[in-house]
Structures are given as structure tokens and as C-alpha cells.
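For reference, coords.tsv is printed below; it contains TSV, C-alpha atoms.
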```tsv
chain	number	residue	atom	x	y	z
A	1	MET	CA	56.95	-113.95	-129.48
A	2	ASP	CA	59.85	-115.70	-127.75
A	3	MET	CA	59.34	-116.63	-124.12
A	4	PRO	CA	61.88	-115.11	-121.70
A	5	CYS	CA	64.54	-117.48	-120.43
A	6	PRO	CA	63.66	-118.93	-117.03
A	7	SER	CA	65.80	-117.65	-114.15
A	8	PRO	CA	67.75	-120.10	-111.94
A	9	VAL	CA	65.03	-119.64	-109.30
A	10	ASP	CA	62.31	-120.49	-111.83
A	11	THR	CA	64.24	-123.57	-112.91
A	12	TYR	CA	64.79	-124.67	-109.30
A	13	ILE	CA	61.10	-124.29	-108.52
A	14	GLU	CA	60.11	-126.25	-111.64
A	15	GLU	CA	62.40	-129.06	-110.56
A	16	ILE	CA	61.05	-129.26	-107.02
A	17	VAL	CA	57.42	-129.16	-108.22
A	18	GLN	CA	58.03	-132.01	-110.66
A	19	GLN	CA	59.93	-134.06	-108.08
A	20	ALA	CA	57.31	-133.34	-105.40
A	21	THR	CA	54.61	-134.67	-107.74
A	22	ILE	CA	56.55	-137.85	-108.45
A	23	ASP	CA	57.29	-138.34	-104.72
A	24	LEU	CA	53.67	-137.73	-103.70
A	25	PHE	CA	52.30	-140.40	-106.02
A	26	SER	CA	55.16	-142.72	-105.14
A	27	HIS	CA	54.13	-142.52	-101.46
A	28	TYR	CA	50.83	-144.11	-102.52
A	29	ALA	CA	52.71	-146.74	-104.58
A	30	VAL	CA	51.80	-145.18	-107.94
A	31	GLU	CA	54.78	-144.60	-110.20
A	32	ILE	CA	54.61	-141.67	-112.61
A	33	GLY	CA	57.16	-140.15	-114.95
A	34	PRO	CA	57.50	-137.06	-117.17
A	35	ASN	CA	55.97	-136.95	-120.64
A	36	SER	CA	55.66	-133.83	-122.76
A	37	ASP	CA	53.05	-135.05	-125.26
A	38	LEU	CA	50.44	-132.40	-124.43
A	39	CYS	CA	47.97	-133.41	-127.15
A	40	ALA	CA	47.73	-136.92	-125.79
A	41	ILE	CA	46.97	-135.71	-122.31
A	42	LEU	CA	44.36	-133.01	-122.18
A	43	PRO	CA	41.34	-135.00	-123.44
A	44	ASN	CA	41.90	-137.47	-120.62
A	45	VAL	CA	41.93	-135.02	-117.73
A	46	ALA	CA	38.83	-135.43	-115.60
A	47	LEU	CA	39.37	-133.31	-112.51
A	48	CYS	CA	41.61	-130.39	-111.61
A	49	GLY	CA	42.48	-129.19	-108.11
A	50	VAL	CA	43.54	-125.57	-107.71
A	51	ILE	CA	45.14	-123.80	-104.74
A	52	GLY	CA	46.23	-120.18	-104.62
A	53	PHE	CA	49.06	-119.04	-102.38
A	54	THR	CA	50.68	-115.78	-101.40
A	55	GLY	CA	53.67	-114.58	-99.40
A	56	PRO	CA	56.27	-111.79	-99.32
A	57	ASP	CA	58.46	-113.46	-101.96
A	58	ILE	CA	56.08	-115.51	-104.06
A	59	ARG	CA	52.45	-115.74	-105.10
A	60	GLY	CA	50.56	-117.82	-107.59
A	61	SER	CA	48.52	-120.97	-108.10
A	62	LEU	CA	49.12	-124.68	-108.16
A	63	MET	CA	46.93	-126.80	-110.40
A	64	LEU	CA	46.91	-130.60	-110.27
A	65	ALA	CA	44.89	-132.28	-113.00
A	66	CYS	CA	44.23	-136.02	-113.07
A	67	SER	CA	42.36	-138.64	-114.97
A	68	SER	CA	40.33	-141.00	-112.83
A	69	GLU	CA	42.78	-143.96	-112.89
A	70	PRO	CA	45.63	-142.51	-110.82
A	71	LEU	CA	43.17	-140.88	-108.42
A	72	LYS	CA	41.55	-144.23	-107.66
A	73	LEU	CA	44.94	-145.91	-107.35
A	74	VAL	CA	46.35	-143.46	-104.82
A	75	GLY	CA	43.07	-143.29	-102.86
A	76	GLY	CA	42.92	-147.04	-102.33
A	77	GLU	CA	40.29	-148.27	-99.90
A	78	GLY	CA	40.38	-144.96	-98.06
A	79	LEU	CA	38.94	-143.03	-101.00
A	80	THR	CA	35.55	-141.41	-100.36
A	81	THR	CA	34.82	-139.02	-103.23
A	82	MET	CA	37.13	-138.12	-106.15
A	83	ARG	CA	36.51	-134.40	-105.57
A	84	ASP	CA	37.47	-134.58	-101.91
A	85	TRP	CA	40.50	-136.73	-102.58
A	86	LEU	CA	41.88	-134.53	-105.38
A	87	ALA	CA	41.46	-131.48	-103.13
A	88	GLU	CA	43.52	-133.25	-100.46
A	89	LEU	CA	46.16	-134.43	-102.95
A	90	THR	CA	46.50	-130.89	-104.31
A	91	ASN	CA	46.92	-129.68	-100.73
A	92	GLN	CA	49.54	-132.36	-100.04
A	93	LEU	CA	51.41	-131.49	-103.24
A	94	LEU	CA	51.52	-127.79	-102.39
A	95	GLY	CA	52.63	-128.76	-98.87
A	96	ARG	CA	55.61	-130.66	-100.30
A	97	VAL	CA	56.57	-127.74	-102.51
A	98	LYS	CA	56.13	-125.31	-99.61
A	99	ASN	CA	58.31	-127.39	-97.30
A	100	ARG	CA	61.13	-127.33	-99.89
A	101	LEU	CA	60.76	-123.57	-100.34
A	102	VAL	CA	60.56	-122.86	-96.59
A	103	ALA	CA	63.91	-124.65	-96.30
A	104	MET	CA	65.21	-122.07	-98.81
A	105	GLY	CA	63.77	-119.10	-96.91
A	106	VAL	CA	60.55	-118.66	-98.94
A	107	ASP	CA	57.27	-118.96	-97.02
A	108	PHE	CA	53.65	-118.38	-98.03
A	109	TYR	CA	50.05	-118.94	-96.99
A	110	ALA	CA	47.81	-121.22	-99.04
A	111	SER	CA	44.09	-120.96	-99.68
A	112	THR	CA	41.57	-123.78	-99.44
A	113	PRO	CA	41.67	-125.95	-102.59
A	114	VAL	CA	38.86	-125.99	-105.13
A	115	VAL	CA	38.21	-128.77	-107.63
A	116	LEU	CA	36.99	-128.34	-111.20
A	117	GLY	CA	35.64	-131.06	-113.44
A	118	GLY	CA	35.54	-131.26	-117.23
A	119	GLY	CA	37.47	-132.17	-120.37
A	120	ARG	CA	40.58	-130.57	-121.88
A	121	ILE	CA	41.30	-128.58	-118.73
A	122	ALA	CA	44.32	-126.29	-119.09
A	123	PRO	CA	45.28	-122.85	-117.87
A	124	ILE	CA	45.33	-120.06	-120.46
A	125	ASN	CA	48.63	-118.27	-121.24
A	126	SER	CA	50.54	-120.61	-119.02
A	127	GLN	CA	53.55	-122.74	-119.63
A	128	PRO	CA	52.79	-126.30	-118.64
A	129	LEU	CA	55.32	-127.29	-116.04
A	130	GLY	CA	55.20	-131.00	-116.45
A	131	HIS	CA	52.90	-133.74	-117.63
A	132	LEU	CA	53.26	-137.05	-115.95
A	133	PHE	CA	51.78	-140.41	-116.77
A	134	THR	CA	51.06	-143.37	-114.58
A	135	ALA	CA	52.37	-146.73	-115.69
A	136	ASP	CA	48.89	-147.86	-116.76
A	137	GLY	CA	48.26	-144.84	-119.00
A	138	GLY	CA	46.47	-142.58	-116.55
A	139	VAL	CA	47.34	-138.91	-116.60
A	140	VAL	CA	48.68	-136.55	-113.96
A	141	SER	CA	49.40	-132.99	-115.01
A	142	VAL	CA	50.75	-130.10	-112.96
A	143	TRP	CA	50.94	-126.38	-113.51
A	144	PHE	CA	52.66	-124.02	-111.12
A	145	ASP	CA	52.09	-120.38	-112.03
A	146	THR	CA	54.13	-117.97	-109.93
A	147	GLU	CA	55.16	-114.38	-109.62
A	148	LEU	CA	58.44	-114.00	-107.74
A	149	ARG	CA	59.73	-110.95	-105.92
A	150	ALA	CA	62.28	-109.18	-108.10
A	151	GLY	CA	65.78	-110.15	-107.08
A	152	LEU	CA	64.65	-113.16	-105.04
A	153	GLU	CA	67.48	-115.51	-104.15
A	154	LEU	CA	67.05	-118.90	-102.55
A	155	VAL	CA	69.23	-119.30	-99.47
A	156	PRO	CA	69.14	-122.47	-97.33
A	157	THR	CA	67.90	-121.78	-93.79
A	158	THR	CA	69.32	-123.25	-90.62
A	159	ASN	CA	65.89	-124.30	-89.31
A	160	ALA	CA	65.11	-127.92	-90.05
A	161	VAL	CA	61.84	-128.39	-91.94
A	162	LEU	CA	60.07	-131.67	-91.15
A	163	ARG	CA	59.77	-133.98	-94.14
A	164	GLU	CA	56.58	-135.75	-95.23
A	165	GLY	CA	55.80	-138.84	-93.17
A	166	SER	CA	57.84	-137.55	-90.21
A	167	THR	CA	56.46	-137.94	-86.70
A	168	LEU	CA	57.67	-135.62	-83.94
A	169	LEU	CA	56.45	-136.15	-80.36
A	170	PHE	CA	57.06	-133.45	-77.74
B	1	MET	CA	35.90	-149.62	-73.04
B	2	ALA	CA	37.32	-148.45	-76.38
B	3	LYS	CA	39.38	-145.26	-76.29
B	4	LYS	CA	37.90	-142.44	-78.34
B	5	VAL	CA	40.01	-140.64	-80.95
B	6	LEU	CA	38.74	-137.30	-82.26
B	7	ILE	CA	39.86	-136.79	-85.89
B	8	VAL	CA	39.65	-133.19	-87.08
B	9	ASP	CA	40.16	-132.69	-90.83
B	10	ASP	CA	38.16	-130.98	-93.56
B	11	SER	CA	38.93	-133.87	-95.93
B	12	GLN	CA	36.49	-136.75	-95.60
B	13	THR	CA	39.03	-139.03	-97.30
B	14	VAL	CA	41.75	-138.21	-94.78
B	15	ARG	CA	39.36	-138.79	-91.86
B	16	HIS	CA	38.46	-142.13	-93.43
B	17	GLN	CA	42.14	-143.07	-93.98
B	18	ILE	CA	43.01	-142.28	-90.35
B	19	ALA	CA	40.01	-144.27	-89.13
B	20	LEU	CA	41.08	-147.24	-91.28
B	21	ALA	CA	44.55	-147.07	-89.71
B	22	LEU	CA	43.31	-146.88	-86.10
B	23	ARG	CA	40.17	-149.07	-85.96
B	24	PRO	CA	42.10	-152.38	-86.07
B	25	SER	CA	43.71	-151.34	-82.76
B	26	GLY	CA	40.26	-151.05	-81.18
B	27	TYR	CA	39.83	-147.28	-81.08
B	28	GLU	CA	36.43	-145.63	-81.38
B	29	ILE	CA	36.46	-142.79	-83.91
B	30	VAL	CA	34.76	-139.41	-83.57
B	31	GLU	CA	35.02	-137.05	-86.56
B	32	ALA	CA	34.95	-133.26	-86.89
B	33	VAL	CA	35.20	-131.25	-90.12
B	34	ASP	CA	36.96	-128.15	-88.71
B	35	GLY	CA	37.96	-126.44	-85.48
B	36	VAL	CA	34.47	-125.12	-84.76
B	37	ASP	CA	32.95	-128.57	-85.12
B	38	ALA	CA	35.77	-130.10	-83.04
B	39	ARG	CA	35.26	-127.67	-80.14
B	40	GLU	CA	31.69	-128.95	-79.82
B	41	LYS	CA	32.91	-132.57	-79.75
B	42	VAL	CA	35.75	-132.28	-77.22
B	43	ASP	CA	34.65	-133.70	-73.88
B	44	ASP	CA	35.92	-135.94	-71.07
B	45	SER	CA	35.38	-139.07	-73.14
B	46	ILE	CA	37.99	-138.14	-75.79
B	47	ALA	CA	41.37	-139.85	-75.23
B	48	ILE	CA	43.35	-138.03	-77.94
B	49	VAL	CA	42.83	-135.50	-80.73
B	50	LEU	CA	44.40	-135.73	-84.21
B	51	CYS	CA	44.03	-132.35	-85.86
B	52	ASP	CA	44.76	-130.88	-89.30
B	53	VAL	CA	46.11	-127.31	-89.41
B	54	ASN	CA	44.73	-125.68	-92.57
B	55	MET	CA	40.94	-125.82	-92.34
B	56	PRO	CA	38.10	-123.37	-93.02
B	57	ARG	CA	36.23	-121.47	-90.24
B	58	MET	CA	38.74	-122.30	-87.47
B	59	ASN	CA	42.16	-123.72	-88.25
B	60	GLY	CA	43.93	-126.37	-86.20
B	61	LEU	CA	46.27	-124.04	-84.32
B	62	GLU	CA	43.38	-121.76	-83.34
B	63	PHE	CA	41.44	-124.83	-82.18
B	64	LEU	CA	44.41	-126.07	-80.16
B	65	GLU	CA	44.93	-122.71	-78.46
B	66	ALA	CA	41.20	-122.40	-77.74
B	67	ILE	CA	40.79	-125.78	-76.04
B	68	LYS	CA	44.04	-125.49	-74.08
B	69	ARG	CA	42.76	-122.28	-72.47
B	70	ASP	CA	40.25	-124.56	-70.69
B	71	GLU	CA	41.93	-126.27	-67.70
B	72	ARG	CA	39.78	-129.37	-68.20
B	73	ASN	CA	41.69	-130.08	-71.44
B	74	ALA	CA	45.15	-129.55	-69.96
B	75	SER	CA	46.10	-133.23	-70.10
B	76	LEU	CA	44.28	-134.05	-73.35
B	77	PRO	CA	46.94	-135.01	-75.93
B	78	VAL	CA	46.60	-133.18	-79.26
B	79	VAL	CA	48.68	-134.18	-82.28
B	80	MET	CA	48.78	-131.93	-85.33
B	81	LEU	CA	48.51	-133.87	-88.62
B	82	THR	CA	49.24	-131.60	-91.55
B	83	THR	CA	51.18	-131.01	-94.77
B	84	GLU	CA	53.12	-128.21	-93.04
B	85	GLY	CA	56.68	-128.88	-91.84
B	86	ASN	CA	57.45	-125.26	-90.98
B	87	PRO	CA	59.46	-125.05	-87.71
B	88	GLY	CA	57.73	-121.78	-86.78
B	89	MET	CA	54.31	-123.41	-86.85
B	90	ILE	CA	55.61	-126.45	-84.97
B	91	ASP	CA	56.99	-124.18	-82.21
B	92	ARG	CA	53.65	-122.39	-81.97
B	93	ALA	CA	51.82	-125.71	-81.57
B	94	LYS	CA	54.31	-126.94	-78.97
B	95	LYS	CA	53.96	-123.74	-76.94
B	96	ALA	CA	50.17	-124.05	-77.12
B	97	GLY	CA	50.32	-127.54	-75.62
B	98	ALA	CA	50.37	-129.94	-78.58
B	99	LYS	CA	52.01	-133.32	-77.92
B	100	GLY	CA	53.12	-134.08	-81.45
B	101	TRP	CA	53.39	-133.08	-85.10
B	102	ILE	CA	52.99	-135.45	-88.05
B	103	VAL	CA	53.58	-134.37	-91.65
B	104	LYS	CA	51.14	-135.78	-94.23
B	105	PRO	CA	50.98	-138.13	-95.92
B	106	PHE	CA	51.20	-140.16	-92.72
B	107	LYS	CA	52.49	-143.69	-92.30
B	108	ALA	CA	49.78	-145.80	-90.67
B	109	GLU	CA	52.12	-147.75	-88.41
B	110	LEU	CA	53.83	-144.60	-87.10
B	111	LEU	CA	50.48	-142.90	-86.49
B	112	THR	CA	49.13	-145.90	-84.59
B	113	ALA	CA	52.28	-146.11	-82.47
B	114	ALA	CA	52.18	-142.40	-81.64
B	115	VAL	CA	48.52	-142.57	-80.62
B	116	ALA	CA	49.12	-145.59	-78.37
B	117	LYS	CA	52.18	-143.97	-76.75
B	118	LEU	CA	50.45	-140.67	-76.01
B	119	ILE	CA	47.30	-142.28	-74.62
B	120	ALA	CA	49.42	-144.51	-72.36
B	121	ALA	CA	51.47	-141.53	-71.19
B	122	ARG	CA	48.32	-139.65	-70.15
B	123	ARG	CA	47.24	-142.34	-67.65
```

Output the file's structure as C-alpha cells, nothing else.
Amino acid sequence: MDMPCPSPVDTYIEEIVQQATIDLFSHYAVEIGPNSDLCAILPNVALCGVIGFTGPDIRGSLMLACSSEPLKLVGGEGLTTMRDWLAELTNQLLGRVKNRLVAMGVDFYASTPVVLGGGRIAPINSQPLGHLFTADGGVVSVWFDTELRAGLELVPTTNAVLREGSTLLF
Amino acid sequence: MAKKVLIVDDSQTVRHQIALALRPSGYEIVEAVDGVDAREKVDDSIAIVLCDVNMPRMNGLEFLEAIKRDERNASLPVVMLTTEGNPGMIDRAKKAGAKGWIVKPFKAELLTAAVAKLIAARR
């Protein structure tokens, strides 16, 4: 069966999720880039962080799966446990996506992340959004499953959303 | 005597990263895993609180509003350290008495500078 064509909103969201993932790892000095070779990826995935979210316009789940190499690289000397760190990275990734969507008038609440471990982790009946590799061959993979309100349009808001790394003192 | 910084975050790694950023400046670190834990650790010896927003049991904004209802904490600087950049949440924190808002992932040098500035301003 043919998949329905993605709407402009779907396409926009896919783009910001992929860019948010690249930017997040770049903050920790780990460069990643898109790769669509699914078969090469799944056996290497070690841990998967999952966060659900819901709001008036959007609901769904974000899944961030990683092999151990990029997790260790981004954790650096501050890393405590891989489980804890992937939960936090998943939270930071959803935060980036949320901040971009809030700037377009779409807000939601997120749940507490959970982390799963195992091999060949992948969601069922889901279109993989993007698979990203680190320069040294480690794997980062992201899925963003959403249901959008019918007729949703993204409209830039006038309220400034603070960007990652910003510091605001009152 | 070293100034005490209370770090409130449900991520052990984030607490550790913040501690790594601040310890070279001579701060003593106290850790709490959520708002409930943090309420038990706030006392006169704490110089500043760095607090996540999204946490189980009691979130950071609820914690902030709870401690600011106590007059003894009126001058205690609280900085929210979170992935959220939503202006509505920032306004709520400001009205509740927060002194700052930092969006994760933080930059160590900016965090250290903000902590030093707010502790100095409290004197």
C-alpha cells in the first residue's frame, strides 16, 4: 500500500527534528550526518530513549536510539550512567524540537523519558525519520511519531522563544 | 567559607556536569533529585539554587513557588536550568521570584558567570 504524501507541516517537522538532532550532538562536539542505510544501523543500536508528548495541536512520541560510541563522546567526563545520559539527551532533543514548534504556535507537555536497551530496536509501523551516523561509525537514530490536529497550520508567534545555551537574568 | 550551590535535577549526569563546571570556582555542591528532595535541603546555608523544570514528584516551578512563599527564602536566588524556552513559563518563573533562566544544554562559562553575579548581588 502506498504511503500518503506528507503534508507541508509533516515535512517541516521532519526537517526541524533532523536539524535539532544534528545541532544537539554538535553542541557536544560530535558531528553527525544523515544516512538512510537502515540495515546497517539497527544491529548497532544499544539504547533507546522514549518520551511521549501531548498538546491541543500535536501528540506523539520521540525516540532517540544510539550505539554506545556517540553516547560516550557527548557525555565526556560528566557522564555517569548511559541510561541516565540517554534519558537526558532525549529530553534535550525534545526540548529543541518543542522550542521550534512553540515559536510556530504549537505547544505541548512532555512526559518523563524512559530508556530501553537491546538490539535491533525500531518502532513498528513507523516511518523512520532519519538515521544519523557519527564520524567514527557510531549510530544515532531518531523517530518522531506524531498525530497532528486536522487543519493545523504553523504560524510564527511574536513571543521570542529562548534558544538553547541562552542565559537570561532578571 | 565556600558558598553552597543547590543543584536540583532528576538527571545524575546533569548534576555531575554542573558540579564539574562550578567546583573549580570553589563552590560547595549540594544535590537534590526533584522538588520534594530540594525543599528538604533548602536552608540558610544555601547561596543559590539551580533548578530543572521538568522533574517527577514536584517540578521546578512548583518548587520555586513553594519556597518563595516562605519569607526566609525571599532573597535566595533561584535560576531555572531547563530545556524549555517557552516565554509563558519564563514569565511564570519571573513572577514567582526566579532570578534567571538558562536553556540546556548550558555553556559552563556562562553558568559560572551567572552564579557568581547573582551570589554577589545578594550580599

Contact set, chain B to chain A: 10 Å, only C-alpha atoms, as an NGL selection string: :B and (10-21 or 54-56 or 79-88 or 90 or 94 or 97-108 or 110-111 or 114 or 117-118)

Nearest residue to Val9 (chain A) from the set A:Thr158, A:Gly117, A:Val106, A:Asn35 (distances using only C-alpha atoms): A:Val106

Pairwise distance for CA of Gly105 (chain A) and CA of Asp91 (chain B), rounded to one decimal in Å: 17.0 Å

Nearby residues (all atoms listed in the file) at most 9 Å from Val30 (chain A), same-chain spacing under 2 positions excluded, as a CSV table (one decimal) with C-alpha atoms, in the coordinates of the input:
```csv
chain,number,residue,atom,x,y,z
A,22,ILE,CA,56.6,-137.8,-108.4
A,24,LEU,CA,53.7,-137.7,-103.7
A,25,PHE,CA,52.3,-140.4,-106.0
A,26,SER,CA,55.2,-142.7,-105.1
A,27,HIS,CA,54.1,-142.5,-101.5
A,28,TYR,CA,50.8,-144.1,-102.5
A,32,ILE,CA,54.6,-141.7,-112.6
A,70,PRO,CA,45.6,-142.5,-110.8
A,73,LEU,CA,44.9,-145.9,-107.4
A,74,VAL,CA,46.4,-143.5,-104.8
A,134,THR,CA,51.1,-143.4,-114.6
A,135,ALA,CA,52.4,-146.7,-115.7
```

Two-atom distance - CA of Phe108 (chain A), CA of Gly60 (chain A) (Å): 10.1 Å

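With distances restricted to all atoms listed in the file, A:Ser7 is the closest residue to Leu152 (chain A) from A:Gln19, A:Ser68, A:Thr90, A:Ser7.
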
One-decimal distance in Å that lies between CA of Ile13 (chain A) and CA of Gly52 (chain A):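 A separation of 15.9 Å between them.
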
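With all atoms listed in the file as the basis for measurement, B:Leu6 is the residue among B:Glu109, B:Leu6, B:Tyr27, B:Glu71 that approaches Val49 (chain B) most closely.
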
Selection: 12 Å around Asp70 (chain B), all atoms listed in the file, excl. self and same-chain fewer than 3 positions, as a PDB file with C-alpha atoms, keeping the file's coordinate frame:
```pdb
ATOM      1  CA  ARG B  39      35.260-127.670 -80.140  1.00  0.00           C
ATOM      2  CA  VAL B  42      35.750-132.280 -77.220  1.00  0.00           C
ATOM      3  CA  ASP B  43      34.650-133.700 -73.880  1.00  0.00           C
ATOM      4  CA  PHE B  63      41.440-124.830 -82.180  1.00  0.00           C
ATOM      5  CA  LEU B  64      44.410-126.070 -80.160  1.00  0.00           C
ATOM      6  CA  GLU B  65      44.930-122.710 -78.460  1.00  0.00           C
ATOM      7  CA  ALA B  66      41.200-122.400 -77.740  1.00  0.00           C
ATOM      8  CA  ILE B  67      40.790-125.780 -76.040  1.00  0.00           C
ATOM      9  CA  ASN B  73      41.690-130.080 -71.440  1.00  0.00           C
ATOM     10  CA  ALA B  74      45.150-129.550 -69.960  1.00  0.00           C
ATOM     11  CA  SER B  75      46.100-133.230 -70.100  1.00  0.00           C
ATOM     12  CA  LEU B  76      44.280-134.050 -73.350  1.00  0.00           C
ATOM     13  CA  ALA B  96      50.170-124.050 -77.120  1.00  0.00           C
ATOM     14  CA  GLY B  97      50.320-127.540 -75.620  1.00  0.00           C
TER      15      GLY B  97
END
```

Nearest candidate to Ile7 (chain B) (options B:Ile29, B:Leu22, B:Met89, B:Ile119; using all atoms listed in the file):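 Among the listed residues, the smallest separation from Ile7 (chain B) belongs to B:Ile29.
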
Residue nearest Lys95 (chain B) among B:Arg122, B:Lys3, B:Lys68, B:Lys41 (counting only C-alpha atoms):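 With only C-alpha atoms as the atom set, the closest residue is B:Lys68.
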
Residue contacts of Ala65 (chain A) (8 Å, only C-alpha atoms) excluding same-chain residues fewer than 3 positions away, as an NGL selection string: :A and (45-49 or 121 or 139-142)

Once you add 4 Å to each side, what are the centre and edge lengths of the axis-aligned box holding all listed atoms of region 19-30 of chain B? One decimal in Å, as lines of an AutoDock Vina configuration file, if you can.
```
center_x = 39.7
center_y = -145.9
center_z = -86.2
size_x = 17.8
size_y = 21.0
size_z = 18.2
```

Nearest candidate to Lys72 (chain A) (options A:Gly119, A:Glu14, A:Gly138, A:Ile58; using all atoms listed in the file):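 Closest to Lys72 (chain A), using all atoms listed in the file: A:Gly138.
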